[in-house]
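Student: structure_20.cif is reproduced in full below (mmCIF, C-alpha atoms).
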```cif
data_coords
loop_
_atom_site.label_atom_id
_atom_site.label_comp_id
_atom_site.auth_asym_id
_atom_site.auth_seq_id
_atom_site.Cartn_x
_atom_site.Cartn_y
_atom_site.Cartn_z
CA MET A 104 -157.70 15.61 68.96
CA THR A 105 -159.49 13.38 71.39
CA ASP A 106 -162.88 11.86 70.81
CA ALA A 107 -164.47 13.80 73.65
CA PRO A 108 -166.64 16.61 72.31
CA THR A 109 -164.93 19.96 72.78
CA PRO A 110 -167.07 22.45 74.67
CA GLN A 111 -168.38 25.29 72.56
CA LYS A 112 -168.40 28.01 75.17
CA ILE A 113 -166.74 28.43 78.52
CA ASN A 114 -167.61 30.85 81.22
CA LEU A 115 -164.30 32.34 82.35
CA ALA A 116 -165.73 33.66 85.59
CA GLU A 117 -166.95 30.17 86.40
CA ALA A 118 -163.58 28.63 85.60
CA PHE A 119 -161.99 31.24 87.83
CA GLU A 120 -164.41 30.39 90.63
CA ARG A 121 -163.72 26.68 90.26
CA SER A 122 -159.93 27.07 90.34
CA GLY A 123 -160.08 28.50 93.87
CA VAL A 124 -157.55 31.18 93.01
CA GLY A 125 -159.93 33.97 93.97
CA PRO A 126 -159.47 33.63 97.74
CA VAL A 127 -155.69 33.44 97.35
CA LEU A 128 -155.60 36.62 95.27
CA LYS A 129 -157.93 38.29 97.71
CA GLY A 130 -155.75 37.20 100.61
CA LEU A 131 -152.79 38.68 98.77
CA ASP A 132 -154.69 41.96 98.43
CA ASP A 133 -155.85 42.09 102.02
CA GLU A 134 -152.79 40.89 103.88
CA LEU A 135 -150.06 42.54 101.88
CA ILE A 136 -150.02 46.29 102.07
CA GLY A 137 -148.88 48.35 99.11
CA LEU A 138 -147.03 46.49 96.31
CA ALA A 139 -149.67 47.56 93.79
CA PRO A 140 -147.54 46.80 90.69
CA VAL A 141 -146.65 43.37 92.07
CA LYS A 142 -150.26 42.47 92.73
CA GLN A 143 -151.15 43.69 89.26
CA ARG A 144 -148.52 41.45 87.68
CA ILE A 145 -149.61 38.44 89.72
CA ARG A 146 -153.20 38.98 88.71
CA GLU A 147 -152.10 39.16 85.09
CA ILE A 148 -150.11 35.94 85.42
CA ALA A 149 -153.04 34.21 87.10
CA ALA A 150 -155.34 35.38 84.30
CA LEU A 151 -152.89 34.16 81.67
CA LEU A 152 -152.66 30.74 83.29
CA LEU A 153 -156.41 30.47 83.65
CA VAL A 154 -156.97 31.34 80.01
CA GLU A 155 -154.23 28.88 79.10
CA ASN A 156 -156.13 26.20 81.01
CA VAL A 157 -159.32 27.02 79.16
CA ARG A 158 -157.51 27.05 75.84
CA ARG A 159 -156.25 23.60 76.58
CA GLY A 160 -159.86 22.56 77.13
CA PHE A 161 -160.47 23.57 73.53
CA GLY A 162 -157.48 21.59 72.37
CA LEU A 163 -155.29 24.60 71.58
CA SER A 164 -151.57 24.91 72.31
CA ALA A 165 -150.50 22.13 74.63
CA GLU A 166 -147.04 23.55 75.34
CA ALA A 167 -146.64 24.27 79.04
CA PRO A 168 -145.93 27.96 79.52
CA THR A 169 -142.61 29.01 81.03
CA LEU A 170 -143.32 30.08 84.57
CA HIS A 171 -139.88 30.77 85.98
CA MET A 172 -139.78 34.21 87.51
CA SER A 173 -137.39 36.73 88.90
CA PHE A 174 -138.33 38.94 91.83
CA THR A 175 -136.19 42.01 92.19
CA GLY A 176 -136.34 44.59 94.95
CA ASN A 177 -134.68 45.89 98.06
CA PRO A 178 -134.59 43.78 101.21
CA GLY A 179 -137.78 43.51 103.20
CA THR A 180 -140.14 44.27 100.34
CA GLY A 181 -142.01 40.98 100.63
CA LYS A 182 -140.37 38.84 97.97
CA THR A 183 -140.43 35.64 100.02
CA THR A 184 -143.99 36.23 101.17
CA VAL A 185 -145.20 36.79 97.63
CA ALA A 186 -143.27 33.71 96.46
CA SER A 187 -145.16 31.50 98.89
CA ARG A 188 -148.44 32.98 97.64
CA MET A 189 -147.30 32.43 94.10
CA SER A 190 -146.76 28.74 94.80
CA GLU A 191 -150.28 28.55 96.17
CA ILE A 192 -151.72 30.22 93.07
CA LEU A 193 -149.76 27.96 90.73
CA HIS A 194 -150.93 24.94 92.69
CA LYS A 195 -154.58 26.00 92.54
CA LEU A 196 -154.32 26.48 88.80
CA GLY A 197 -152.67 23.09 88.42
CA TYR A 198 -149.29 24.28 87.19
CA VAL A 199 -147.38 22.72 90.08
CA ARG A 200 -148.51 19.47 91.66
CA ARG A 201 -147.83 20.04 95.38
CA GLY A 202 -147.52 23.77 95.83
CA HIS A 203 -144.81 23.80 98.47
CA LEU A 204 -142.06 26.37 98.60
CA VAL A 205 -138.42 25.41 99.00
CA SER A 206 -136.40 28.47 99.88
CA VAL A 207 -132.64 28.25 99.36
CA THR A 208 -129.54 30.42 99.05
CA ARG A 209 -126.11 29.83 97.52
CA ASP A 210 -124.96 27.78 100.50
CA ASP A 211 -127.68 25.19 99.94
CA LEU A 212 -126.79 24.68 96.29
CA VAL A 213 -123.05 25.09 96.00
CA GLY A 214 -120.64 22.61 97.54
CA GLN A 215 -117.30 23.12 99.22
CA TYR A 216 -115.11 20.87 97.12
CA ILE A 217 -115.00 19.26 93.70
CA GLY A 218 -117.87 16.85 93.18
CA HIS A 219 -119.88 18.19 96.08
CA THR A 220 -122.01 20.68 94.16
CA ALA A 221 -123.89 18.42 91.79
CA PRO A 222 -125.34 16.06 94.42
CA LYS A 223 -126.17 19.00 96.66
CA THR A 224 -128.01 20.88 93.95
CA LYS A 225 -129.78 17.76 92.76
CA GLU A 226 -130.87 17.00 96.32
CA ILE A 227 -132.50 20.41 96.58
CA LEU A 228 -134.09 20.07 93.16
CA LYS A 229 -135.51 16.69 94.12
CA LYS A 230 -137.01 18.24 97.22
CA ALA A 231 -138.50 21.09 95.21
CA MET A 232 -140.09 18.84 92.57
CA GLY A 233 -143.78 19.54 92.24
CA GLY A 234 -143.41 22.89 93.95
CA VAL A 235 -141.61 26.19 93.77
CA LEU A 236 -137.87 26.62 94.24
CA PHE A 237 -137.10 30.08 95.61
CA ILE A 238 -133.45 31.07 95.25
CA ASP A 239 -132.75 34.11 97.37
CA GLU A 240 -129.88 36.35 96.29
CA ALA A 241 -129.42 34.22 93.21
CA TYR A 242 -126.57 36.37 91.85
CA TYR A 243 -124.20 34.94 94.44
CA LEU A 244 -124.33 31.69 92.47
CA TYR A 245 -122.17 33.36 89.89
CA ARG A 246 -118.78 34.67 91.00
CA PRO A 247 -116.98 36.04 87.96
CA GLU A 248 -113.84 36.90 89.95
CA ASN A 249 -113.14 33.22 90.58
CA GLU A 250 -113.34 31.12 87.46
CA ARG A 251 -113.04 27.89 89.38
CA ASP A 252 -116.00 28.73 91.56
CA TYR A 253 -118.41 25.82 91.93
CA GLY A 254 -121.42 28.13 91.48
CA GLN A 255 -121.15 27.71 87.73
CA GLU A 256 -121.82 23.99 88.12
CA ALA A 257 -124.97 24.67 90.14
CA ILE A 258 -126.11 27.14 87.48
CA GLU A 259 -125.68 24.56 84.73
CA ILE A 260 -127.69 21.93 86.61
CA LEU A 261 -130.39 24.47 87.39
CA LEU A 262 -130.66 25.57 83.78
CA GLN A 263 -130.94 21.99 82.63
CA VAL A 264 -133.74 21.21 85.08
CA MET A 265 -135.50 24.50 84.36
CA GLU A 266 -135.62 23.48 80.73
CA ASN A 267 -136.36 19.75 80.99
CA ASN A 268 -138.69 19.68 83.99
CA ARG A 269 -140.76 22.73 83.17
CA ASP A 270 -143.97 21.04 84.23
CA ASP A 271 -142.43 19.68 87.45
CA LEU A 272 -141.10 22.77 89.10
CA VAL A 273 -141.07 26.54 88.96
CA VAL A 274 -137.92 28.46 89.85
CA ILE A 275 -138.12 31.95 91.32
CA LEU A 276 -134.90 33.95 91.49
CA ALA A 277 -134.81 36.86 93.89
CA GLY A 278 -132.43 39.63 94.80
CA TYR A 279 -131.46 43.28 94.45
CA ALA A 280 -132.42 44.77 91.11
CA ASP A 281 -128.98 45.98 90.01
CA LYS A 282 -127.13 42.81 91.00
CA MET A 283 -129.79 40.65 89.36
CA GLU A 284 -129.43 42.67 86.18
CA ARG A 285 -125.68 41.99 86.15
CA PHE A 286 -126.33 38.32 86.90
CA PHE A 287 -128.68 37.99 83.95
CA GLN A 288 -126.23 39.79 81.69
CA SER A 289 -123.49 37.33 82.47
CA ASN A 290 -125.85 34.32 82.33
CA PRO A 291 -127.98 34.79 79.21
CA GLY A 292 -129.27 31.26 79.68
CA PHE A 293 -131.15 32.37 82.74
CA ARG A 294 -132.56 35.48 81.14
CA SER A 295 -134.11 33.55 78.29
CA ARG A 296 -135.63 30.96 80.61
CA VAL A 297 -137.17 33.45 83.03
CA ALA A 298 -140.43 34.65 81.62
CA HIS A 299 -141.69 37.00 84.31
CA HIS A 300 -139.64 39.77 85.83
CA ILE A 301 -141.42 41.36 88.75
CA ASP A 302 -140.02 44.44 90.45
CA PHE A 303 -140.87 45.08 94.09
CA PRO A 304 -140.97 48.79 94.90
CA ASP A 305 -139.94 50.19 98.28
CA TYR A 306 -142.76 50.85 100.73
CA GLY A 307 -143.92 54.39 101.44
CA ASP A 308 -143.87 55.72 105.01
CA GLU A 309 -147.64 55.40 105.35
CA GLU A 310 -147.53 51.81 104.09
CA LEU A 311 -144.82 50.91 106.57
CA LEU A 312 -146.93 52.33 109.38
CA SER A 313 -149.90 50.20 108.44
CA ILE A 314 -147.60 47.20 108.04
CA ALA A 315 -146.38 47.84 111.58
CA GLU A 316 -149.94 47.93 112.86
CA GLY A 317 -150.75 44.74 111.01
CA MET A 318 -147.72 42.97 112.52
CA LEU A 319 -148.62 44.12 116.02
CA GLY A 320 -152.25 43.18 115.54
CA LYS A 321 -151.23 39.61 114.78
CA LEU A 322 -149.26 39.51 118.03
CA HIS A 323 -152.13 41.09 120.03
CA TYR A 324 -150.41 44.39 120.61
CA LYS A 325 -151.60 47.87 119.74
CA LEU A 326 -150.05 51.28 119.43
CA SER A 327 -151.17 54.08 121.71
CA PRO A 328 -151.78 57.38 119.88
CA SER A 329 -148.46 58.72 121.12
CA ALA A 330 -146.68 55.58 119.95
CA ARG A 331 -148.28 55.98 116.55
CA THR A 332 -146.93 59.49 116.24
CA ALA A 333 -143.54 58.35 117.45
CA LEU A 334 -143.46 55.53 114.91
CA SER A 335 -144.50 57.79 112.04
CA GLU A 336 -141.55 60.02 112.96
CA TYR A 337 -139.29 57.00 113.37
CA ILE A 338 -139.85 55.59 109.90
CA PRO A 339 -138.47 58.47 107.79
CA ILE A 340 -135.49 58.85 110.14
CA ARG A 341 -134.74 55.13 109.96
CA ARG A 342 -135.03 55.22 106.19
CA GLY A 343 -132.24 57.81 106.04
CA GLN A 344 -129.89 55.60 108.02
CA PRO A 345 -127.80 52.76 106.60
CA HIS A 346 -129.03 49.15 106.27
CA PHE A 347 -132.66 50.10 105.98
CA ALA A 348 -134.61 46.99 105.01
CA ASN A 349 -138.20 48.14 104.66
CA ALA A 350 -140.65 45.89 106.49
CA ARG A 351 -137.84 43.88 108.10
CA SER A 352 -136.42 47.01 109.78
CA ILE A 353 -139.87 47.81 111.05
CA ARG A 354 -140.29 44.33 112.46
CA ASN A 355 -136.97 44.60 114.25
CA ALA A 356 -137.90 48.01 115.61
CA LEU A 357 -141.16 46.60 116.91
CA ASP A 358 -139.38 43.66 118.49
CA ARG A 359 -137.19 46.06 120.40
CA ALA A 360 -140.18 48.20 121.34
CA ARG A 361 -141.87 45.09 122.75
CA LEU A 362 -138.75 44.40 124.75
CA ARG A 363 -138.80 47.89 126.20
CA GLN A 364 -142.52 47.67 126.85
CA ALA A 365 -142.03 44.45 128.79
CA ASN A 366 -139.20 46.02 130.71
CA ARG A 367 -141.32 49.06 131.53
CA CYS A 368 -144.21 46.93 132.75
CA PHE A 369 -141.80 44.92 134.85
CA ALA A 370 -140.07 47.94 136.34
CA ALA A 371 -143.37 49.59 137.31
CA LYS A 372 -143.76 46.95 140.05
CA THR A 373 -147.46 47.72 140.32
CA GLU A 374 -150.44 45.65 139.31
CA ILE A 375 -151.10 46.03 135.62
CA ASP A 376 -154.21 45.35 133.58
CA LEU A 377 -154.71 43.83 130.17
CA GLU A 378 -154.73 47.24 128.55
CA ALA A 379 -151.19 47.94 129.77
CA LEU A 380 -150.03 44.55 128.59
CA VAL A 381 -151.15 45.01 125.01
CA THR A 382 -150.34 48.70 124.53
CA ILE A 383 -147.03 49.97 123.24
CA GLU A 384 -146.50 53.55 124.42
CA GLY A 385 -144.67 56.38 122.72
CA GLU A 386 -141.74 56.16 125.13
CA ASP A 387 -141.10 52.53 124.11
CA ILE A 388 -140.39 53.73 120.62
CA ARG A 389 -138.73 57.06 121.42
CA GLN A 390 -136.00 55.33 123.40
CA SER A 391 -134.72 53.91 120.15
CA ARG A 392 -131.12 54.61 119.14
CA VAL A 393 -132.45 55.83 115.82
CA PHE A 394 -133.77 59.00 117.44
CA ALA A 395 -130.56 59.54 119.37
CA LYS A 396 -128.49 59.36 116.21
CA ALA A 397 -130.80 61.71 114.35
CA GLY A 398 -130.94 64.25 117.17
CA MET B 190 -137.40 -17.41 84.47
CA ARG B 191 -139.04 -14.21 85.62
CA VAL B 192 -138.02 -13.38 89.18
CA THR B 193 -140.94 -12.34 91.34
CA GLN B 194 -140.32 -10.48 94.57
CA GLY B 195 -142.28 -8.14 96.80
CA CYS B 196 -145.57 -6.43 96.05
CA PHE B 197 -147.29 -6.66 92.67
CA SER B 198 -144.96 -9.50 91.79
CA PHE B 199 -147.56 -11.45 89.83
CA LEU B 200 -148.65 -8.43 87.84
CA PRO B 201 -146.85 -7.32 84.71
CA ASP B 202 -143.99 -4.93 85.51
CA LEU B 203 -145.25 -1.53 86.53
CA THR B 204 -144.84 1.28 84.04
CA ASP B 205 -143.16 4.50 85.13
CA ASP B 206 -146.54 6.20 85.49
CA GLN B 207 -147.73 3.41 87.76
CA ILE B 208 -144.52 3.60 89.79
CA LEU B 209 -145.06 7.35 90.11
CA VAL B 210 -148.49 6.83 91.62
CA GLN B 211 -147.23 4.20 94.05
CA VAL B 212 -144.35 6.42 95.15
CA GLN B 213 -146.68 9.36 95.64
CA TYR B 214 -148.83 7.16 97.87
CA CYS B 215 -145.74 6.33 99.96
CA LEU B 216 -144.69 9.96 100.21
CA ASP B 217 -148.19 11.07 101.16
CA ASN B 218 -147.99 8.62 104.04
CA GLY B 219 -144.66 10.06 105.11
CA TRP B 220 -142.60 6.98 104.32
CA ALA B 221 -138.97 7.24 103.25
CA VAL B 222 -138.49 5.83 99.77
CA ASN B 223 -135.34 3.91 99.03
CA LEU B 224 -133.75 2.43 95.90
CA GLU B 225 -131.56 -0.68 95.92
CA TYR B 226 -129.95 -2.78 93.21
CA THR B 227 -128.30 -6.16 92.94
CA ASP B 228 -127.19 -8.78 90.47
CA ASP B 229 -127.74 -11.60 92.94
CA PRO B 230 -131.51 -11.95 93.10
CA HIS B 231 -131.59 -15.01 95.36
CA PRO B 232 -134.67 -14.72 97.59
CA ARG B 233 -132.50 -15.14 100.68
CA ASN B 234 -130.25 -12.26 99.65
CA THR B 235 -131.95 -9.40 101.47
CA TYR B 236 -128.99 -7.03 101.53
CA TRP B 237 -128.95 -5.24 98.21
CA ASP B 238 -126.69 -2.29 97.38
CA MET B 239 -128.25 1.06 98.21
CA TRP B 240 -128.59 3.71 95.55
CA GLY B 241 -127.79 6.79 97.61
CA LEU B 242 -129.54 7.50 100.86
CA PRO B 243 -133.21 6.85 101.45
CA MET B 244 -135.21 9.89 100.37
CA PHE B 245 -136.62 11.24 103.59
CA ASP B 246 -137.85 14.69 102.78
CA LEU B 247 -139.43 14.63 99.35
CA ARG B 248 -142.90 15.95 98.63
CA ASP B 249 -143.31 14.86 95.06
CA ALA B 250 -142.73 11.47 93.47
CA LYS B 251 -140.98 12.98 90.47
CA GLY B 252 -137.82 13.37 92.52
CA VAL B 253 -137.73 9.61 93.16
CA LEU B 254 -138.31 8.89 89.49
CA MET B 255 -135.36 11.13 88.62
CA GLU B 256 -133.16 9.03 90.90
CA LEU B 257 -134.57 5.82 89.46
CA GLU B 258 -133.74 7.08 85.98
CA LYS B 259 -130.15 7.72 87.02
CA CYS B 260 -129.93 4.33 88.74
CA ARG B 261 -131.19 2.62 85.60
CA GLN B 262 -128.57 4.37 83.49
CA LEU B 263 -125.83 2.81 85.62
CA HIS B 264 -127.45 -0.43 86.71
CA GLY B 265 -130.00 -1.05 83.99
CA ASP B 266 -128.74 -4.63 83.62
CA LYS B 267 -129.47 -5.49 87.24
CA TYR B 268 -132.46 -5.86 89.49
CA ILE B 269 -133.60 -2.60 91.08
CA ARG B 270 -136.17 -2.52 93.82
CA LEU B 271 -137.98 0.33 95.43
CA SER B 272 -138.98 0.15 99.06
CA ALA B 273 -140.65 2.52 101.50
CA PHE B 274 -139.87 2.61 105.21
CA ASP B 275 -142.46 3.70 107.74
CA SER B 276 -140.74 5.22 110.77
CA THR B 277 -143.85 5.64 112.94
CA HIS B 278 -143.56 4.05 116.35
CA THR B 279 -144.65 0.37 116.42
CA TRP B 280 -144.30 0.07 112.64
CA GLU B 281 -140.67 0.96 112.11
CA SER B 282 -140.35 -1.32 109.14
CA LEU B 283 -140.80 -1.56 105.40
CA ARG B 284 -144.36 -1.05 104.26
CA ILE B 285 -143.91 -1.74 100.58
CA SER B 286 -141.22 -3.13 98.32
CA PHE B 287 -141.35 -3.97 94.64
CA LEU B 288 -139.08 -4.49 91.63
CA VAL B 289 -138.79 -1.56 89.27
CA ASN B 290 -136.14 -2.90 86.93
CA ARG B 291 -134.94 -6.32 85.80
CA PRO B 292 -132.27 -7.53 83.39
CA LYS B 293 -133.25 -8.36 79.84
CA ASN B 294 -132.26 -11.99 80.08
CA GLU B 295 -133.20 -13.72 83.27
CA GLU B 296 -131.61 -17.13 83.11
CA GLY B 297 -133.22 -18.38 86.27
CA PHE B 298 -131.98 -20.75 88.98
CA ARG B 299 -130.60 -24.23 89.00
CA LEU B 300 -131.35 -26.77 91.68
CA GLU B 301 -128.25 -28.13 93.37
CA ARG B 302 -128.30 -31.37 95.27
CA ALA B 303 -125.81 -32.30 97.91
CA GLU B 304 -125.49 -35.35 100.07
CA GLY B 305 -125.00 -34.68 103.74
CA ARG B 306 -124.42 -36.95 106.68
CA GLY B 307 -126.10 -40.32 106.32
CA ARG B 308 -126.61 -39.64 102.59
CA MET B 309 -129.27 -37.12 103.52
CA GLN B 310 -130.21 -35.14 100.47
CA THR B 311 -130.05 -31.33 100.78
CA TYR B 312 -131.07 -28.86 98.12
CA ALA B 313 -130.07 -25.35 97.18
CA THR B 314 -131.04 -22.97 94.42
CA ARG B 315 -128.40 -20.98 92.66
CA ALA B 316 -128.80 -18.44 89.90
CA TYR B 317 -127.01 -19.36 86.69
CA ALA B 318 -125.86 -15.77 86.62
CA LEU B 319 -123.79 -16.36 89.76
CA ASP B 320 -121.36 -18.44 87.72
CA ARG B 321 -119.98 -15.18 86.40
CA PRO B 322 -118.21 -12.59 88.55
CA GLU B 323 -120.05 -9.69 90.09
CA GLY B 324 -120.82 -6.88 87.67
CA LYS B 325 -120.81 -9.21 84.64
CA ARG B 326 -123.70 -11.42 85.61
CA TYR B 327 -126.47 -10.01 83.48
CA ALA B 328 -124.44 -7.87 81.10
#
```
For the file at hand, write its structure as structure tokens.
Tutor:
Amino acid sequence: MTDAPTPQKINLAEAFERSGVGPVLKGLDDELIGLAPVKQRIREIAALLLVENVRRGFGLSAEAPTLHMSFTGNPGTGKTTVASRMSEILHKLGYVRRGHLVSVTRDDLVGQYIGHTAPKTKEILKKAMGGVLFIDEAYYLYRPENERDYGQEAIEILLQVMENNRDDLVVILAGYADKMERFFQSNPGFRSRVAHHIDFPDYGDEELLSIAEGMLGKLHYKLSPSARTALSEYIPIRRGQPHFANARSIRNALDRARLRQANRCFAAKTEIDLEALVTIEGEDIRQSRVFAKAG
Amino acid sequence: MRVTQGCFSFLPDLTDDQILVQVQYCLDNGWAVNLEYTDDPHPRNTYWDMWGLPMFDLRDAKGVLMELEKCRQLHGDKYIRLSAFDSTHTWESLRISFLVNRPKNEEGFRLERAEGRGRMQTYATRAYALDRPEGKRYA
């Protein structure tokens, strides 16, 4: 124990206020639509870390908590976005020093020939020190069908750093739920070092529609009422087709709608006003191949 | 004889925590941090061996300390210096350089005299360690 007098009482709300996490959590709530279970888990983690901080103030348990996480969910459910928020929260609470996010995949970690993997992985780890290392589609690191695959080497280095540098960096593994499950089964070392498993559910149709409006709003576009109806019909049809990637599919659809809108404005060859420039009409969306396939 | 070179050279050797703070200062300024080692610490020997590439894109000093740790494992019996290069236009040069490791026994330098033309006396300093071949000088 130190000589400094330990405080007798601590106001948790005040500690929360001081940490500056509130605005980040609120931003998470406001800007990300849906994902209720994810937000709940993040709030729980933030509360745990805050209480841990306060406990340390009382001189209790000095062991740094394990913060490595795994994010599982289908593509386009916001794993990367949440990871960058997570790094901000961890930074505000003082669990990572810089709070930057280094996002990598297998290609960034695993080398092409013998002796190439270790320096490559270490280079990335050095870059991620003091922040969050986000490994997308982490299960590709492990290729059981090829026993000489260099992925195993990267895994070993990662595990070592995850254990020894727990207060220097936080690793977040992300990917599809079923493949992640298999990955953890074949790499028990990872399972035991990852404390928080967060599952990202698929978005509902309504949520995707409001996500679409949010995306367009940021780009200074808006949907006309007919476009809104068209989009709400589009979403369930698109969902039934292959390679549906939640919010990412919607963003691509909107990109194409913007293309068609620009084309339409251009082809009209008349003077157009601001209103026409910012509005996406129903026809811009109905021209999509998705409707043709469904019909 | 304790070799003094670069910044902080008349202070006691920096501890790892102090090095960490210095490195973080360099990184916050956007300088590229570089590690070099040598067993020929003559002041005129500016070209030391590089330990890997300069670290251009780090955010946190811990990464540099990890490299330093590895460098010490292999070259703990040599001099290691840490320098930071500022690439901004008009600077484009080293902004800081200091020793972060030194051999246990520093034997120092001897003064060598030579007579030149017209019996003119010339002087040179030469590390005692240089009498031994490279790699075995401070072992």
Student: As a PDB file with C-alpha atoms, in the frame of the given file, please: the residues near Arg270 (chain B) (cut-off 6 Å, all atoms listed in the file, same-chain neighbours under 5 positions excluded).
Tutor:
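around.pdb, freshly written:
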```pdb
ATOM      1  CA  LEU B 224    -133.750   2.430  95.900  1.00  0.00           C
ATOM      2  CA  GLU B 225    -131.560  -0.680  95.920  1.00  0.00           C
ATOM      3  CA  PHE B 287    -141.350  -3.970  94.640  1.00  0.00           C
ATOM      4  CA  LEU B 288    -139.080  -4.490  91.630  1.00  0.00           C
ATOM      5  CA  VAL B 289    -138.790  -1.560  89.270  1.00  0.00           C
TER       6      VAL B 289
END
```
Student: Report as an MDAnalysis selection string the full result of the PyMOL selection byres ((chain A and resi 383) around 10) when it is applied to this structure.
Tutor: chainID A and resid 319 324:331 357 360:361 363:365 378:382 384:388
Student: Would you export the selected residues with C-alpha atoms as an mmCIF file, in the frame of the given file, please?
Tutor:
```cif
data_model
loop_
_atom_site.group_PDB
_atom_site.id
_atom_site.type_symbol
_atom_site.label_atom_id
_atom_site.label_comp_id
_atom_site.auth_asym_id
_atom_site.auth_seq_id
_atom_site.Cartn_x
_atom_site.Cartn_y
_atom_site.Cartn_z
ATOM 1 C CA LEU A 319 -148.620 44.120 116.020
ATOM 2 C CA TYR A 324 -150.410 44.390 120.610
ATOM 3 C CA LYS A 325 -151.600 47.870 119.740
ATOM 4 C CA LEU A 326 -150.050 51.280 119.430
ATOM 5 C CA SER A 327 -151.170 54.080 121.710
ATOM 6 C CA PRO A 328 -151.780 57.380 119.880
ATOM 7 C CA SER A 329 -148.460 58.720 121.120
ATOM 8 C CA ALA A 330 -146.680 55.580 119.950
ATOM 9 C CA ARG A 331 -148.280 55.980 116.550
ATOM 10 C CA LEU A 357 -141.160 46.600 116.910
ATOM 11 C CA ALA A 360 -140.180 48.200 121.340
ATOM 12 C CA ARG A 361 -141.870 45.090 122.750
ATOM 13 C CA ARG A 363 -138.800 47.890 126.200
ATOM 14 C CA GLN A 364 -142.520 47.670 126.850
ATOM 15 C CA ALA A 365 -142.030 44.450 128.790
ATOM 16 C CA GLU A 378 -154.730 47.240 128.550
ATOM 17 C CA ALA A 379 -151.190 47.940 129.770
ATOM 18 C CA LEU A 380 -150.030 44.550 128.590
ATOM 19 C CA VAL A 381 -151.150 45.010 125.010
ATOM 20 C CA THR A 382 -150.340 48.700 124.530
ATOM 21 C CA GLU A 384 -146.500 53.550 124.420
ATOM 22 C CA GLY A 385 -144.670 56.380 122.720
ATOM 23 C CA GLU A 386 -141.740 56.160 125.130
ATOM 24 C CA ASP A 387 -141.100 52.530 124.110
ATOM 25 C CA ILE A 388 -140.390 53.730 120.620
#
```
Student: Using only C-alpha atoms, select each residue of chain A with any atom at most 9 Å away from an atom of chain B, and give the selection as a count of residues only.
Tutor: 12
Student: Applied to the shown file, which residues does the PyMOL selection byres ((chain A and resi 390-393) around 12) return, written as a ChimeraX atom specification?
Tutor: /A:330,333-334,336-345,347,352-353,355-364,367,384-389,394-398
Student: Using the chain letters and numbers from the file, which residues does the PyMOL selection byres ((chain A and resi 272-279) around 8) grab, as a PyMOL selection string?
Tutor: chain A and resi 170-178+182+186+199+231-242+265+268-271+280-283
Student: I'd like the contact shell of His231 (chain B) - 9 Å cut-off, all atoms listed in the file, skipping same-chain residues fewer than 5 positions apart - returned as a count of residues only.
Tutor: 4
